[in-house]
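Below is the file work18.csv, which contains CSV, C-alpha atoms.
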```csv
chain,number,residue,atom,x,y,z
A,206,LYS,CA,-31.5,9.9,-0.2
A,207,SER,CA,-28.3,7.8,0.2
A,208,GLU,CA,-27.6,4.2,-0.7
A,209,LYS,CA,-24.8,2.1,0.7
A,210,GLN,CA,-23.2,-1.0,-0.9
A,211,THR,CA,-20.1,-3.0,-0.4
A,212,GLU,CA,-17.5,-4.4,-2.8
A,213,LYS,CA,-14.6,-6.7,-2.5
A,214,ILE,CA,-11.0,-5.4,-2.7
A,215,SER,CA,-8.7,-7.9,-4.4
A,216,PHE,CA,-5.4,-8.8,-2.8
A,217,LYS,CA,-2.1,-8.7,-4.6
A,218,THR,CA,0.4,-11.5,-5.0
A,219,ILE,CA,4.0,-10.5,-4.1
A,220,HIS,CA,7.0,-12.6,-5.0
A,221,GLN,CA,10.1,-12.4,-2.8
A,222,ASN,CA,13.5,-14.0,-3.5
A,223,ASP,CA,14.7,-16.3,-0.7
A,224,ASP,CA,18.3,-17.5,-0.6
A,225,SER,CA,17.5,-20.2,1.9
A,226,LEU,CA,15.4,-22.1,-0.7
A,227,GLU,CA,17.0,-23.9,-3.7
A,228,LYS,CA,16.2,-22.7,-7.2
A,229,GLY,CA,13.0,-24.0,-8.6
A,230,LYS,CA,11.3,-24.2,-5.2
A,231,THR,CA,8.5,-21.9,-4.0
A,232,VAL,CA,6.8,-21.5,-0.6
A,233,VAL,CA,3.6,-19.6,0.2
A,234,LYS,CA,4.7,-17.5,3.2
A,235,GLN,CA,1.4,-15.7,3.6
A,236,ALA,CA,-2.0,-16.4,2.2
A,237,GLY,CA,-3.9,-13.5,0.6
A,238,THR,CA,-7.3,-12.4,1.9
A,239,GLU,CA,-9.8,-10.0,0.2
A,240,GLY,CA,-10.7,-6.7,1.7
A,241,VAL,CA,-14.1,-5.0,1.9
A,242,ARG,CA,-14.9,-1.4,0.8
A,243,THR,CA,-18.1,0.4,1.7
A,244,LEU,CA,-19.4,2.8,-0.9
A,245,VAL,CA,-22.1,5.5,-0.2
A,246,TYR,CA,-24.1,7.0,-3.1
A,247,GLU,CA,-26.3,10.0,-3.1
A,248,LEU,CA,-29.5,9.4,-5.1
A,249,THR,CA,-31.7,12.2,-6.6
A,250,PHE,CA,-35.3,11.6,-7.5
A,251,THR,CA,-37.5,13.8,-9.7
A,252,ASP,CA,-41.3,13.0,-9.9
A,253,GLY,CA,-40.6,9.7,-8.2
A,254,ARG,CA,-37.9,8.6,-10.7
A,255,GLN,CA,-34.2,8.4,-10.0
A,256,THR,CA,-32.4,11.0,-12.0
A,257,SER,CA,-28.8,10.8,-10.7
A,258,ARG,CA,-26.6,8.6,-8.6
A,259,THR,CA,-23.3,10.2,-7.2
A,260,LEU,CA,-20.6,8.5,-5.2
A,261,ILE,CA,-20.0,10.7,-2.1
A,262,SER,CA,-17.8,8.5,0.1
A,263,SER,CA,-15.8,5.4,0.2
A,264,SER,CA,-14.3,3.7,3.3
A,265,VAL,CA,-12.3,0.5,3.8
A,266,THR,CA,-14.1,-1.8,6.2
A,267,LYS,CA,-11.5,-4.5,6.0
A,268,SER,CA,-8.0,-4.0,4.4
A,269,PRO,CA,-6.9,-6.7,2.0
A,270,GLN,CA,-3.9,-8.9,2.9
A,271,ASN,CA,-1.4,-9.6,0.2
A,272,ARG,CA,-0.4,-13.1,-0.8
A,273,VAL,CA,3.4,-13.5,-0.3
A,274,ILE,CA,5.3,-16.3,-2.2
A,275,LEU,CA,8.9,-17.0,-1.6
A,276,ILE,CA,11.1,-18.0,-4.6
A,277,GLY,CA,14.3,-20.0,-4.1
A,278,THR,CA,17.5,-18.5,-5.3
A,279,LYS,CA,20.0,-20.8,-3.6
A,280,GLU,CA,22.3,-22.7,-6.0
A,281,PRO,CA,22.1,-26.5,-5.5
A,282,PRO,CA,25.5,-28.1,-4.5
A,283,LYS,CA,27.5,-29.4,-7.5
A,284,GLU,CA,28.3,-33.1,-7.6
A,285,THR,CA,32.0,-33.9,-8.2
A,286,ILE,CA,33.2,-37.2,-9.7
A,287,PRO,CA,36.6,-38.4,-8.4
A,288,ILE,CA,39.2,-39.1,-11.2
A,289,GLU,CA,40.6,-42.6,-10.8
A,290,PRO,CA,44.4,-42.6,-11.4
A,291,LYS,CA,45.6,-44.7,-14.3
A,292,PRO,CA,48.0,-47.6,-13.5
A,293,VAL,CA,51.6,-47.1,-14.6
A,294,GLU,CA,52.8,-49.9,-16.8
A,295,THR,CA,56.4,-50.9,-16.2
A,296,LYS,CA,58.6,-53.5,-17.9
A,297,PRO,CA,60.8,-55.6,-15.7
A,298,GLU,CA,64.0,-55.1,-17.7
A,299,GLU,CA,63.8,-51.4,-18.4
A,300,PRO,CA,61.6,-49.3,-16.2
A,301,LYS,CA,60.2,-46.5,-18.3
A,302,PRO,CA,59.5,-43.1,-16.8
A,303,VAL,CA,55.9,-42.5,-16.1
A,304,GLU,CA,54.5,-40.2,-18.7
A,305,THR,CA,51.8,-37.9,-17.6
A,306,LYS,CA,49.6,-35.9,-19.8
A,307,PRO,CA,49.0,-32.3,-18.8
A,308,GLU,CA,45.6,-31.9,-17.4
A,309,GLU,CA,43.2,-30.2,-19.8
A,310,PRO,CA,41.8,-27.0,-18.3
A,311,LYS,CA,38.2,-27.4,-17.5
A,312,PRO,CA,35.8,-24.9,-19.1
A,313,GLU,CA,34.7,-22.2,-16.8
A,314,PRO,CA,31.0,-22.3,-16.0
A,315,PRO,CA,29.0,-19.7,-17.8
A,316,LYS,CA,28.5,-16.6,-15.8
A,317,PRO,CA,24.9,-15.8,-14.9
A,318,VAL,CA,23.4,-13.1,-17.1
A,319,GLU,CA,22.7,-10.2,-14.9
A,320,PRO,CA,19.2,-8.8,-15.4
A,321,LYS,CA,19.2,-5.4,-17.0
A,322,PRO,CA,17.9,-2.7,-14.7
A,323,GLU,CA,14.4,-1.4,-15.6
A,324,GLU,CA,14.4,2.0,-17.1
A,325,PRO,CA,12.8,4.4,-14.7
A,326,LYS,CA,9.3,5.4,-15.8
A,327,PRO,CA,8.8,9.1,-16.2
A,328,GLU,CA,7.2,10.5,-13.0
A,329,GLU,CA,3.6,11.6,-13.5
A,330,PRO,CA,3.2,15.3,-13.2
A,331,LYS,CA,2.0,16.2,-9.7
A,332,PRO,CA,-1.2,18.2,-9.3
A,333,VAL,CA,-1.2,21.8,-8.3
A,334,VAL,CA,-1.9,21.8,-4.6
A,335,THR,CA,-3.3,24.6,-2.5
A,336,ASP,CA,-2.3,23.9,1.2
A,337,ASP,CA,-5.0,25.9,2.9
A,338,GLN,CA,-4.2,25.7,6.6
A,339,ALA,CA,-7.3,27.6,7.5
A,340,PHE,CA,-9.5,25.0,5.8
A,341,ILE,CA,-7.6,22.2,7.6
A,342,ASN,CA,-7.9,23.8,11.0
A,343,GLU,CA,-11.6,24.4,10.5
A,344,VAL,CA,-12.2,20.7,9.6
A,345,ILE,CA,-10.3,19.7,12.8
A,346,ARG,CA,-12.3,22.1,14.9
A,347,LEU,CA,-15.7,21.0,13.5
A,348,THR,CA,-14.7,17.3,13.9
A,349,ASN,CA,-13.8,17.9,17.6
A,350,LEU,CA,-17.0,19.9,18.1
A,351,GLU,CA,-19.0,16.8,17.0
A,352,ARG,CA,-17.1,14.8,19.5
A,353,THR,CA,-17.4,17.1,22.5
A,354,LYS,CA,-21.1,17.7,21.9
A,355,ARG,CA,-21.5,14.0,22.7
A,356,GLY,CA,-19.2,14.0,25.7
A,357,LEU,CA,-16.2,12.6,23.9
A,358,LYS,CA,-12.6,13.8,24.2
A,359,ALA,CA,-11.3,16.2,21.5
A,360,LEU,CA,-8.6,14.6,19.3
A,361,LYS,CA,-5.1,16.1,19.4
A,362,SER,CA,-3.7,17.5,16.1
A,363,ASN,CA,-0.1,18.0,17.1
A,364,LEU,CA,1.4,14.5,16.3
A,365,SER,CA,4.5,14.9,14.1
A,366,GLY,CA,4.1,13.2,10.8
A,367,LEU,CA,0.3,12.6,10.9
A,368,ASN,CA,-0.7,15.8,9.1
A,369,GLN,CA,2.1,15.3,6.5
A,370,ALA,CA,0.7,11.8,5.8
A,371,ALA,CA,-2.8,13.2,5.5
A,372,ASN,CA,-1.6,15.8,2.9
A,373,VAL,CA,0.0,13.0,0.9
A,374,ARG,CA,-3.3,11.1,0.9
A,375,ALA,CA,-5.2,14.2,-0.1
A,376,ARG,CA,-3.0,14.6,-3.2
A,377,GLU,CA,-3.2,10.9,-4.0
A,378,ILE,CA,-7.0,10.7,-4.0
A,379,THR,CA,-7.1,13.5,-6.6
A,380,ARG,CA,-5.5,10.8,-8.9
A,381,VAL,CA,-7.2,7.6,-7.5
A,382,PHE,CA,-10.2,8.0,-5.3
A,383,SER,CA,-9.7,4.9,-3.2
A,384,HIS,CA,-8.3,3.7,0.2
A,385,THR,CA,-5.7,1.9,-1.9
A,386,ARG,CA,-2.8,4.2,-2.9
A,387,PRO,CA,-1.9,4.8,-6.6
A,388,ASN,CA,1.1,2.4,-6.1
A,389,GLY,CA,-1.2,-0.4,-5.1
A,390,THR,CA,-0.4,-0.4,-1.3
A,391,PRO,CA,-2.9,0.2,1.5
A,392,TRP,CA,-3.4,3.8,2.6
A,393,SER,CA,-1.9,3.1,6.0
A,394,THR,CA,1.6,2.7,4.5
A,395,THR,CA,1.8,6.5,4.5
A,396,LEU,CA,2.0,6.4,8.3
A,397,ALA,CA,5.2,4.3,8.2
A,398,GLU,CA,6.7,6.7,5.6
A,399,TRP,CA,6.2,9.6,8.0
A,400,GLY,CA,7.7,7.9,11.1
A,401,LEU,CA,4.5,6.2,12.5
A,402,PRO,CA,5.0,2.5,11.7
A,403,LYS,CA,3.4,1.2,15.0
A,404,PHE,CA,-0.2,1.8,16.1
A,405,SER,CA,-2.9,0.3,18.2
A,406,ALA,CA,-5.7,1.9,16.1
A,407,ARG,CA,-5.9,3.8,12.9
A,408,GLY,CA,-8.6,4.9,10.4
A,409,GLU,CA,-9.1,7.1,7.3
A,410,ASN,CA,-12.0,9.2,5.9
A,411,ILE,CA,-11.6,10.6,2.4
A,412,LEU,CA,-13.7,12.9,0.1
A,413,TRP,CA,-13.3,14.1,-3.5
A,414,ASN,CA,-15.9,16.7,-4.7
A,415,GLY,CA,-16.4,19.1,-7.6
A,416,ALA,CA,-18.2,21.9,-5.7
A,417,GLN,CA,-15.4,23.3,-3.5
A,418,TRP,CA,-17.4,22.5,-0.4
A,419,THR,CA,-16.8,24.4,2.9
A,420,PRO,CA,-15.2,22.6,5.9
A,421,ALA,CA,-18.7,22.6,7.4
A,422,LYS,CA,-20.1,20.8,4.3
A,423,VAL,CA,-17.3,18.3,4.3
A,424,VAL,CA,-17.8,17.3,8.0
A,425,GLU,CA,-21.6,17.2,7.4
A,426,LYS,CA,-21.2,14.8,4.6
A,427,TRP,CA,-19.0,12.5,6.7
A,428,MET,CA,-21.4,12.7,9.7
A,429,ASN,CA,-24.3,11.6,7.3
A,430,SER,CA,-22.3,8.4,6.4
A,431,THR,CA,-22.3,5.6,8.9
A,432,GLY,CA,-18.7,4.4,8.3
A,433,HIS,CA,-17.2,7.9,8.3
A,434,ARG,CA,-19.3,9.0,11.3
A,435,ASN,CA,-18.0,5.9,13.3
A,436,ASN,CA,-14.4,7.0,12.7
A,437,ILE,CA,-15.2,10.6,13.8
A,438,LEU,CA,-16.9,9.5,17.0
A,439,SER,CA,-14.7,6.5,17.9
A,440,THR,CA,-13.2,6.3,21.3
A,441,LYS,CA,-10.2,4.3,19.9
A,442,TYR,CA,-8.3,7.2,18.6
A,443,GLU,CA,-6.1,9.9,20.3
A,444,TYR,CA,-4.8,12.0,17.3
A,445,ILE,CA,-6.2,13.5,14.1
A,446,GLY,CA,-4.5,14.7,10.9
A,447,VAL,CA,-6.2,16.5,8.0
A,448,GLY,CA,-4.9,17.0,4.4
A,449,PHE,CA,-6.3,19.2,1.7
A,450,ALA,CA,-5.6,19.5,-2.1
A,451,ARG,CA,-7.3,21.6,-4.7
A,452,ILE,CA,-7.2,20.7,-8.4
A,453,GLY,CA,-9.0,23.3,-10.5
A,454,ASN,CA,-12.5,23.4,-9.0
A,455,LYS,CA,-12.3,20.1,-7.2
A,456,ASP,CA,-11.1,19.4,-3.7
A,457,GLY,CA,-9.5,16.3,-2.1
A,458,VAL,CA,-9.8,16.0,1.7
A,459,SER,CA,-8.2,13.3,3.8
A,460,GLN,CA,-8.8,12.8,7.5
A,461,LEU,CA,-6.5,10.3,9.4
A,462,PHE,CA,-7.1,9.0,12.9
A,463,TYR,CA,-4.3,7.4,15.0
A,464,LYS,CA,-3.4,6.0,18.4
A,465,PRO,CA,0.1,4.7,19.1
```

Now, as a test, write the supplied structure out as structure tokens.
Amino acid sequence: KSEKQTEKISFKTIHQNDDSLEKGKTVVKQAGTEGVRTLVYELTFTDGRQTSRTLISSSVTKSPQNRVILIGTKEPPKETIPIEPKPVETKPEEPKPVETKPEEPKPEPPKPVEPKPEEPKPEEPKPVVTDDQAFINEVIRLTNLERTKRGLKALKSNLSGLNQAANVRAREITRVFSHTRPNGTPWSTTLAEWGLPKFSARGENILWNGAQWTPAKVVEKWMNSTGHRNNILSTKYEYIGVGFARIGNKDGVSQLFYKP
């Protein structure tokens, strides 16, 4: 038996410097909105009592939108006070030369202290990845079989950059099982990193298991989950990319859907 529930995804607040605003001023450029994640659990019952509850899938129903605040960096104009010239006193009988005092040099304004660059954090060791092309090809074949059995077009798997982005996501979910990347950005930012910044539709299915499931078992699990099944059978998409990463006896699988 499976159980589905939803949870909120908090948005992040991003601060950006803006040289068109004076220092000390801030402006909210974009309000943040929370996202929604759908979680599916597999429940096991023994003698009528629940004995286990395992998370089998997670999908983002609505991506969060970050709050963006602009911070002014523009220096305000400095006010200058004009120096009034002193009157020259002269005696009628003997005009004295006008004495002038040398102008005292004005102190230079203090130079702004440049912030010290942050020391780079040591890069986390990358997991050992087995790029099993046969596994990936079989997941794509079985996914398209589910589509064609229902009269839907098969998805194309030859879009440059999509499979590479899927492999990145497969490695990332072995560290953080979420549609949010380990660096805190939405999963879809991998598309832009691999030359696919524009799209009319995109989606993601992910899976992280400890049983080294076969491609058939992976697709079966997705088809038994409403959110993942909707992605597989959607008419909005044209291309598919699949990523695969094996860490010890656990597998991470990512399935990306895309339409330009």

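Distances to Leu260 (chain A) were evaluated for A:Gln210, A:Thr353, A:Thr385, A:Thr218 using all atoms listed in the file, and the minimum falls at A:Gln210.
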
List the spatial neighbours of region 420-425 of chain A as a VMD selection string - criterion: any atom at most 8 Å away, all atoms listed in the file, same-chain residues fewer than 3 positions off excluded. chain A and resid 340 to 341 343 to 344 347 to 348 412 428 to 429

Do you have the CA of Ile345 (chain A)-CA of Arg258 (chain A) distance handy?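 For CA of Ile345 (chain A) relative to CA of Arg258 (chain A), the distance reads 29.1 Å.
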
Separation of CA of Arg242 (chain A) and CA of Trp399 (chain A), in Å?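 Atom-to-atom, CA of Arg242 (chain A) to CA of Trp399 (chain A), that is 24.9 Å.
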
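For the pair CA of Asn368 (chain A) and CA of Gly432 (chain A), the separation is 21.3 Å.
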
Of A:Ser405, A:Thr394, A:Asn435, A:Ser207, the one sitting nearest Glu247 (chain A) when using only C-alpha atoms is A:Ser207

From the list A:Val381, A:Leu275, A:Val373, A:Gly389, which residue is nearest Leu226 (chain A) when using all atoms listed in the file? A:Leu275

Among the residues A:Leu367, A:Ala450, A:Ile274, A:Leu438, the one that comes closest to Glu351 (chain A) [using only C-alpha atoms]: A:Leu438

List the neighbours of Gln270 (chain A) out to 8 Å using all atoms listed in the file; skip same-chain residues closer than 6 positions along the sequence, and give me the result as JSON, numbers by chain. {"A": [216, 217, 236, 237, 238, 239, 240]}

Would you list the contacts of Leu461 (chain A) as a ChimeraX atom specification, taking every protein, DNA or RNA residue within 12 Å and counting only C-alpha atoms, but skipping same-chain residues closer than 5 positions in sequence? /A:264,344-345,348,360-362,364,366-375,384,392-393,395-396,406-411,433,436-437,442-449

Atoms to include: C-alpha atoms. Write the selected residues as a PDB file, in the frame of the given file.
```
ATOM      1  CA  SER A 264     -14.300   3.700   3.300  1.00  0.00           C
ATOM      2  CA  VAL A 344     -12.200  20.700   9.600  1.00  0.00           C
ATOM      3  CA  ILE A 345     -10.300  19.700  12.800  1.00  0.00           C
ATOM      4  CA  THR A 348     -14.700  17.300  13.900  1.00  0.00           C
ATOM      5  CA  LEU A 360      -8.600  14.600  19.300  1.00  0.00           C
ATOM      6  CA  LYS A 361      -5.100  16.100  19.400  1.00  0.00           C
ATOM      7  CA  SER A 362      -3.700  17.500  16.100  1.00  0.00           C
ATOM      8  CA  LEU A 364       1.400  14.500  16.300  1.00  0.00           C
ATOM      9  CA  GLY A 366       4.100  13.200  10.800  1.00  0.00           C
ATOM     10  CA  LEU A 367       0.300  12.600  10.900  1.00  0.00           C
ATOM     11  CA  ASN A 368      -0.700  15.800   9.100  1.00  0.00           C
ATOM     12  CA  GLN A 369       2.100  15.300   6.500  1.00  0.00           C
ATOM     13  CA  ALA A 370       0.700  11.800   5.800  1.00  0.00           C
ATOM     14  CA  ALA A 371      -2.800  13.200   5.500  1.00  0.00           C
ATOM     15  CA  ASN A 372      -1.600  15.800   2.900  1.00  0.00           C
ATOM     16  CA  VAL A 373       0.000  13.000   0.900  1.00  0.00           C
ATOM     17  CA  ARG A 374      -3.300  11.100   0.900  1.00  0.00           C
ATOM     18  CA  ALA A 375      -5.200  14.200  -0.100  1.00  0.00           C
ATOM     19  CA  HIS A 384      -8.300   3.700   0.200  1.00  0.00           C
ATOM     20  CA  TRP A 392      -3.400   3.800   2.600  1.00  0.00           C
ATOM     21  CA  SER A 393      -1.900   3.100   6.000  1.00  0.00           C
ATOM     22  CA  THR A 395       1.800   6.500   4.500  1.00  0.00           C
ATOM     23  CA  LEU A 396       2.000   6.400   8.300  1.00  0.00           C
ATOM     24  CA  ALA A 406      -5.700   1.900  16.100  1.00  0.00           C
ATOM     25  CA  ARG A 407      -5.900   3.800  12.900  1.00  0.00           C
ATOM     26  CA  GLY A 408      -8.600   4.900  10.400  1.00  0.00           C
ATOM     27  CA  GLU A 409      -9.100   7.100   7.300  1.00  0.00           C
ATOM     28  CA  ASN A 410     -12.000   9.200   5.900  1.00  0.00           C
ATOM     29  CA  ILE A 411     -11.600  10.600   2.400  1.00  0.00           C
ATOM     30  CA  HIS A 433     -17.200   7.900   8.300  1.00  0.00           C
ATOM     31  CA  ASN A 436     -14.400   7.000  12.700  1.00  0.00           C
ATOM     32  CA  ILE A 437     -15.200  10.600  13.800  1.00  0.00           C
ATOM     33  CA  TYR A 442      -8.300   7.200  18.600  1.00  0.00           C
ATOM     34  CA  GLU A 443      -6.100   9.900  20.300  1.00  0.00           C
ATOM     35  CA  TYR A 444      -4.800  12.000  17.300  1.00  0.00           C
ATOM     36  CA  ILE A 445      -6.200  13.500  14.100  1.00  0.00           C
ATOM     37  CA  GLY A 446      -4.500  14.700  10.900  1.00  0.00           C
ATOM     38  CA  VAL A 447      -6.200  16.500   8.000  1.00  0.00           C
ATOM     39  CA  GLY A 448      -4.900  17.000   4.400  1.00  0.00           C
ATOM     40  CA  PHE A 449      -6.300  19.200   1.700  1.00  0.00           C
TER      41      PHE A 449
END
```

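When all atoms listed in the file are used to compute distances to Ile452 (chain A), the closest of the residues A:Glu398, A:Glu377, A:Asp224, A:Glu212 turns out to be A:Glu377.
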
Using all atoms listed in the file, determine which residues lie at most 9 Å from Ser439 (chain A), disregarding the query and same-chain residues fewer than 5 positions distant; provide the list as a PyMOL selection string. chain A and resi 352+357+434

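Checking A:Ser430, A:Asn414, A:Lys279, A:Gly356 one by one against Thr231 (chain A), counting only C-alpha atoms, you find the shortest gap at A:Lys279.
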
Sel. within 12 Å of pt (22.3, -25.6, -5.4), counting only C-alpha atoms, output as an MDAnalysis selection string: chainID A and resid 224:230 277:284

Lys403 (chain A) surroundings by only C-alpha atoms, 10 Å radius, close-in-sequence under 6 positions cut, as a list in words: Leu396, Ala397, Tyr463, Lys464 and Pro465 of chain A
